[in-house]
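Below is one structure; the comments refer to it alone.
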Amino acid sequence: MLRFIVRRLLQLVPTMFGLSLLLFVWLHRLPGGPETSILGERATEERRAQIRESLGLDQPLYVQYGRFMRKLIQFDFGDSIQTGRSVTTEFLQRFPATVELTVVGLTIAIGLGIPLGYLAARRRGGFLDSAAVGGSLIGICIPIFFLAYLLKLVFAVQLHWFPSSGRQDELLDATRVTGFFVLDGILTQEWDASWDALMHLILPGIALASVPLAIIVRITRASVLEVLSEDYVRTAEAKGLTEQTVRSRHVLRNALLPVATTVGLAVGGLLSGAVLTETVFAFGGIGSFLKDAIEFRDYPVLMGFIMMIALVYVLVNLAVDVSYSLIDPRVRVR
Amino acid sequence: MTLLDVQDLSVAFVRRGEAAVRAVDGVSFTVDAGQVVGLVGESGCGKSVTSLAIMGLLPRRGVELGGKAVFDGTDLFGLAPRDMRDVRGKDVAMIFQDPLSSLNPVIPIGLQVTEVLKRHRGMKGDAAGREAADLLDRVGIPDPKRRLKEYPHQLSGGMRQRALIAMAVACRPRLLIADEPTTALDVTIQAQILELLKDLVHEFGTALIMITHDLGVVAGMCDTVNVLYSGRIIETAARRPLFAAPLHPYTHGLLGSIPRLDALESEPLTPIRGSVRDALPWASGCAFQPRCDRPVEACVGAPPELDATFTGHEYRCVNPVRHSND
């Protein structure tokens, strides 16, 4: 097991190297550059050249890449052109927001998706089944920005049940400890701050959960249906076990194997920043910052953020693989 | 003493928009305490469906169940699902065909044994663990303490079937149903498993319904034999008379198609021609008629009744096989 993990971690080095090379060339080939964002469209060619030179963008690409790699070896991604602050600082400041959003989104998706999928399978062909299958189709089809605006309009603007944007009410002036606002409130016992941060998470959380929820319902349903017809479920029934034992020990546990894979992929996807959701709700996570960086051609931020996202993605997938082998003894790796 | 009395059992699978499929069509037989009863027939004759019906394991939707299965005075079909759960695994237990797929792949063997003990015998943690180890030991699994922690895929085929048997006999059931328990196993292992079943039945005084298509298994184990064809019992007899003088042409054909070691190499096997699919609906005559070697006019028209000789040998045929030494 340990060898497997170490091997996978070592594989990361060439992967990340390849990614950096590809990304660097590709990003710098994009038309436009930060000088346009800084100076605007009507700046003189002279001023532009000046800025490019000061940022080192006039050098040949391989020189720039060499400089980038030299810094990277010391885990330094450089400074953001937009803000002038270090890319790592910018990332660490925003990542907790994305993590919080991911946790809430996934909690909704899993907490609702698995029971719904299970019930749909048990009442196959019934009303609940049709509703779950139809609903999940809508969940997959509806564009996330549309759903986000709809939620905001109805539940924030019209009904005032939830705040419409941001991560926390500025007026609360909450103490910061970890950057995870809900956790901070608990640690400092500022309960109102915790509650307020949680309320800010609900609507974006729902918007973000829609697609994974739909997928989890579908996969759980299909997988439960398959497991229900397995011989070992019949054996469990033949033993006269209670319905709960059959359900939790023999049906769900096996049915959740494929769901675990889906959830793993969803975690990776969600952690890499929900650009649309974060933008609609002005939620200061990595997604919205990344979007700004693309518009600005903020090369260091783009390189740094995307590579760190890739790293997180790979690590989450490794964690899924490891957890998978813990649930299913047949795929236990040596 | 009659332990199980199956009366006029019928099972039909119904699907909307399709004709109902009669898998079992008026099957009656009895099992006495401690007796070994065989249900014999080829694939699709309804023997497995009969056993699942007795166990209450048929799906509730899409199935029409008729008749009675009186176990020790109570009709099992009349029991609420919850009450049936108390009977299953405790008084009536079942051993399935394919031990690999019948065991849960992601749960250690130990838990799969102890969960029965905990459910029906109210045993707790350590005691259940010790009893499970004893059970594995009793069914001939070496090093039971270690095996309890292992998963099904780590056991050999024979050991898996032994583990399944251990689960079935965990509560000393009064009736055990074995649905082709040796089909998925090597011939050498088959013999061991049958020996084990025989020993257990003898030791615990358990009655056994042996479902099989293997007449060798029947010859080695069963006290009485019921031969099924197309959902009906076509012959019932004690083992000796059945093998010595089968009355139904189907049974006769089955016995005739067994390969014999003393036959000449050049002598071909004598199969029953046609396949189970060439069956006549019982309502319009004898289902076996299209494949029968002794058809007469009376075979078609009305279904043949179950007749009995004075020795109690029952058969469902208008032109039974005559034996010269009768």
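In the structure tokens, each chain is lettered A, B, ... as it comes, each chain's residues begin at 1, and ligands are numbered from 1 in order of appearance.
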* To do: Check region 51-147 of chain B with DSSP on the backbone and list each residue it calls helix (DSSP H, G or I), as an MDAnalysis selection string.
  => chainID B and resid 51:55 76:78 81:87 99:102 109:121 125:138 144:147
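Excluding Phe310 (chain B) itself and any same-chain residue fewer than 4 positions from it, the protein and nucleic acid residues within 12 Å of it, counting only C-alpha atoms, are Ala237, Glu314 and Tyr315 of chain B.
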Just write the chosen residues, N, CA and C atoms, as a compact mmCIF listing (two decimals), in the first residue's frame.
# COMPACT_ATOMS: atom_id res chain seq x y z
N ALA B 237 -41.29 -41.32 -5.74
CA ALA B 237 -41.09 -42.66 -5.21
C ALA B 237 -39.94 -42.64 -4.23
N GLU B 314 -45.84 -42.95 -7.16
CA GLU B 314 -46.77 -42.12 -7.93
C GLU B 314 -46.17 -41.74 -9.28
N TYR B 315 -47.02 -41.66 -10.29
CA TYR B 315 -46.55 -41.30 -11.62
C TYR B 315 -47.67 -40.59 -12.37
* Taking only C-alpha atoms into account, which of B:Ala298, B:Gln35, B:Phe77, B:Ala238 comes nearest Leu57 (chain B)? -> B:Phe77
* To do: Please identify every residue of chain A that has at least one atom no more than 9 Å from any atom of chain B, counting only C-alpha atoms, and report them as a PyMOL selection string.
  => chain A and resi 230-243+245+249-250+253-254+327-330
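Straight-line separation from CA of Pro181 (chain B) to CA of Ala20 (chain B): 29.5 Å.
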* To do: Just the residues within 10 Å of region 206-209 of chain B, please, counting only C-alpha atoms, with nothing from its chain fewer than 2 positions along; format it as a ChimeraX atom specification.
  => /B:3-4,31-39,51,91-94,169,172-179,197-198,200-204,211-212,221-225
Selected residues written out with N, CA and C atoms, as a compact mmCIF listing (two decimals), in the first residue's frame:
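Result file part18.txt:
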# COMPACT_ATOMS: atom_id res chain seq x y z
N LEU B 3 -42.99 -32.65 8.46
CA LEU B 3 -42.42 -31.36 8.86
C LEU B 3 -42.89 -30.27 7.91
N LEU B 4 -42.82 -30.59 6.61
CA LEU B 4 -43.24 -29.62 5.61
C LEU B 4 -44.23 -30.29 4.67
N VAL B 31 -42.28 -33.45 3.36
CA VAL B 31 -40.95 -33.77 3.88
C VAL B 31 -41.13 -34.14 5.35
N ASP B 32 -40.70 -35.33 5.74
CA ASP B 32 -40.78 -35.71 7.14
C ASP B 32 -39.54 -35.23 7.88
N ALA B 33 -39.66 -35.09 9.19
CA ALA B 33 -38.52 -34.65 9.99
C ALA B 33 -37.35 -35.60 9.76
N GLY B 34 -36.19 -35.03 9.53
CA GLY B 34 -34.99 -35.83 9.37
C GLY B 34 -34.85 -36.53 8.03
N GLN B 35 -35.83 -36.35 7.14
CA GLN B 35 -35.81 -37.05 5.86
C GLN B 35 -35.05 -36.25 4.80
N VAL B 36 -34.46 -36.96 3.84
CA VAL B 36 -33.83 -36.28 2.71
C VAL B 36 -34.70 -36.50 1.47
N VAL B 37 -35.22 -35.39 0.95
CA VAL B 37 -36.13 -35.47 -0.19
C VAL B 37 -35.48 -34.81 -1.40
N GLY B 38 -35.52 -35.48 -2.51
CA GLY B 38 -34.92 -34.92 -3.71
C GLY B 38 -35.94 -34.26 -4.61
N LEU B 39 -35.58 -33.13 -5.18
CA LEU B 39 -36.38 -32.51 -6.25
C LEU B 39 -35.48 -32.54 -7.48
N SER B 51 -38.18 -23.99 -4.43
CA SER B 51 -37.45 -23.76 -3.18
C SER B 51 -37.51 -22.30 -2.76
N ASP B 91 -35.31 -21.66 11.32
CA ASP B 91 -35.95 -22.97 11.22
C ASP B 91 -35.78 -23.58 9.83
N VAL B 92 -35.79 -22.70 8.84
CA VAL B 92 -35.60 -23.16 7.46
C VAL B 92 -34.41 -22.39 6.88
N ALA B 93 -33.42 -23.10 6.41
CA ALA B 93 -32.25 -22.41 5.87
C ALA B 93 -31.96 -22.95 4.48
N MET B 94 -31.14 -22.19 3.76
CA MET B 94 -30.93 -22.57 2.36
C MET B 94 -29.46 -22.46 1.98
N VAL B 169 -26.36 -23.87 8.53
CA VAL B 169 -26.65 -24.75 9.67
C VAL B 169 -26.38 -24.07 11.01
N ARG B 172 -28.97 -24.55 13.57
CA ARG B 172 -29.55 -25.90 13.64
C ARG B 172 -30.98 -25.90 13.08
N PRO B 173 -31.14 -25.55 11.79
CA PRO B 173 -32.50 -25.47 11.25
C PRO B 173 -33.13 -26.86 11.20
N ARG B 174 -34.45 -26.89 11.21
CA ARG B 174 -35.12 -28.18 11.13
C ARG B 174 -35.28 -28.63 9.69
N LEU B 175 -35.24 -27.62 8.80
CA LEU B 175 -35.31 -27.94 7.37
C LEU B 175 -34.22 -27.18 6.63
N LEU B 176 -33.49 -27.90 5.83
CA LEU B 176 -32.43 -27.28 5.05
C LEU B 176 -32.76 -27.51 3.57
N ILE B 177 -32.66 -26.46 2.78
CA ILE B 177 -32.90 -26.61 1.35
C ILE B 177 -31.58 -26.38 0.65
N ALA B 178 -31.13 -27.36 -0.10
CA ALA B 178 -29.86 -27.21 -0.82
C ALA B 178 -30.16 -27.15 -2.31
N ASP B 179 -29.93 -25.98 -2.91
CA ASP B 179 -30.23 -25.81 -4.33
C ASP B 179 -28.96 -26.06 -5.15
N LEU B 197 -22.79 -32.80 3.96
CA LEU B 197 -24.23 -32.56 4.12
C LEU B 197 -24.89 -33.76 4.79
N LYS B 198 -24.50 -34.95 4.33
CA LYS B 198 -25.08 -36.17 4.90
C LYS B 198 -24.80 -36.24 6.41
N LEU B 200 -24.08 -33.78 8.46
CA LEU B 200 -24.76 -32.72 9.22
C LEU B 200 -26.23 -33.07 9.42
N VAL B 201 -26.86 -33.55 8.35
CA VAL B 201 -28.26 -33.92 8.42
C VAL B 201 -28.45 -34.99 9.49
N HIS B 202 -27.54 -35.96 9.48
CA HIS B 202 -27.60 -37.04 10.46
C HIS B 202 -27.38 -36.50 11.87
N GLU B 203 -26.36 -35.67 12.02
CA GLU B 203 -25.97 -35.18 13.35
C GLU B 203 -27.04 -34.29 13.96
N PHE B 204 -27.59 -33.37 13.16
CA PHE B 204 -28.55 -32.40 13.70
C PHE B 204 -29.99 -32.87 13.57
N ILE B 211 -32.10 -30.20 -4.08
CA ILE B 211 -32.51 -29.84 -5.43
C ILE B 211 -31.35 -30.10 -6.36
N THR B 212 -31.57 -30.89 -7.38
CA THR B 212 -30.43 -31.25 -8.22
C THR B 212 -30.91 -31.73 -9.59
N MET B 221 -27.98 -39.90 -1.75
CA MET B 221 -28.44 -39.18 -0.57
C MET B 221 -29.91 -39.32 -0.22
N CYS B 222 -30.78 -39.34 -1.25
CA CYS B 222 -32.18 -39.06 -0.96
C CYS B 222 -32.96 -40.29 -0.48
N ASP B 223 -33.91 -40.05 0.43
CA ASP B 223 -34.82 -41.10 0.86
C ASP B 223 -35.96 -41.23 -0.14
N THR B 224 -36.57 -40.08 -0.47
CA THR B 224 -37.59 -40.11 -1.52
C THR B 224 -37.23 -39.10 -2.59
N VAL B 225 -37.77 -39.31 -3.78
CA VAL B 225 -37.41 -38.47 -4.91
C VAL B 225 -38.66 -37.97 -5.61
* Please identify which residues in region 125-199 of chain B DSSP calls strand (DSSP E) from the backbone, and express them as a list in words. => Leu175, Leu176, Ile177, Ala178 and Asp179 of chain B
Would you mind exporting C-alpha atoms of the selected residues as an mmCIF file, in the first residue's frame?
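What landed in again08.cif:
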data_model
loop_
_atom_site.group_PDB
_atom_site.id
_atom_site.type_symbol
_atom_site.label_atom_id
_atom_site.label_comp_id
_atom_site.auth_asym_id
_atom_site.auth_seq_id
_atom_site.Cartn_x
_atom_site.Cartn_y
_atom_site.Cartn_z
ATOM 1 C CA LEU B 175 -35.306 -27.944 7.373
ATOM 2 C CA LEU B 176 -32.434 -27.284 5.049
ATOM 3 C CA ILE B 177 -32.901 -26.609 1.349
ATOM 4 C CA ALA B 178 -29.864 -27.208 -0.820
ATOM 5 C CA ASP B 179 -30.230 -25.806 -4.334
#
* Could you work out how far CA of Glu235 (chain B) lies from CA of Cys286 (chain B), giving the answer in Å with one decimal? -> 13.0 Å
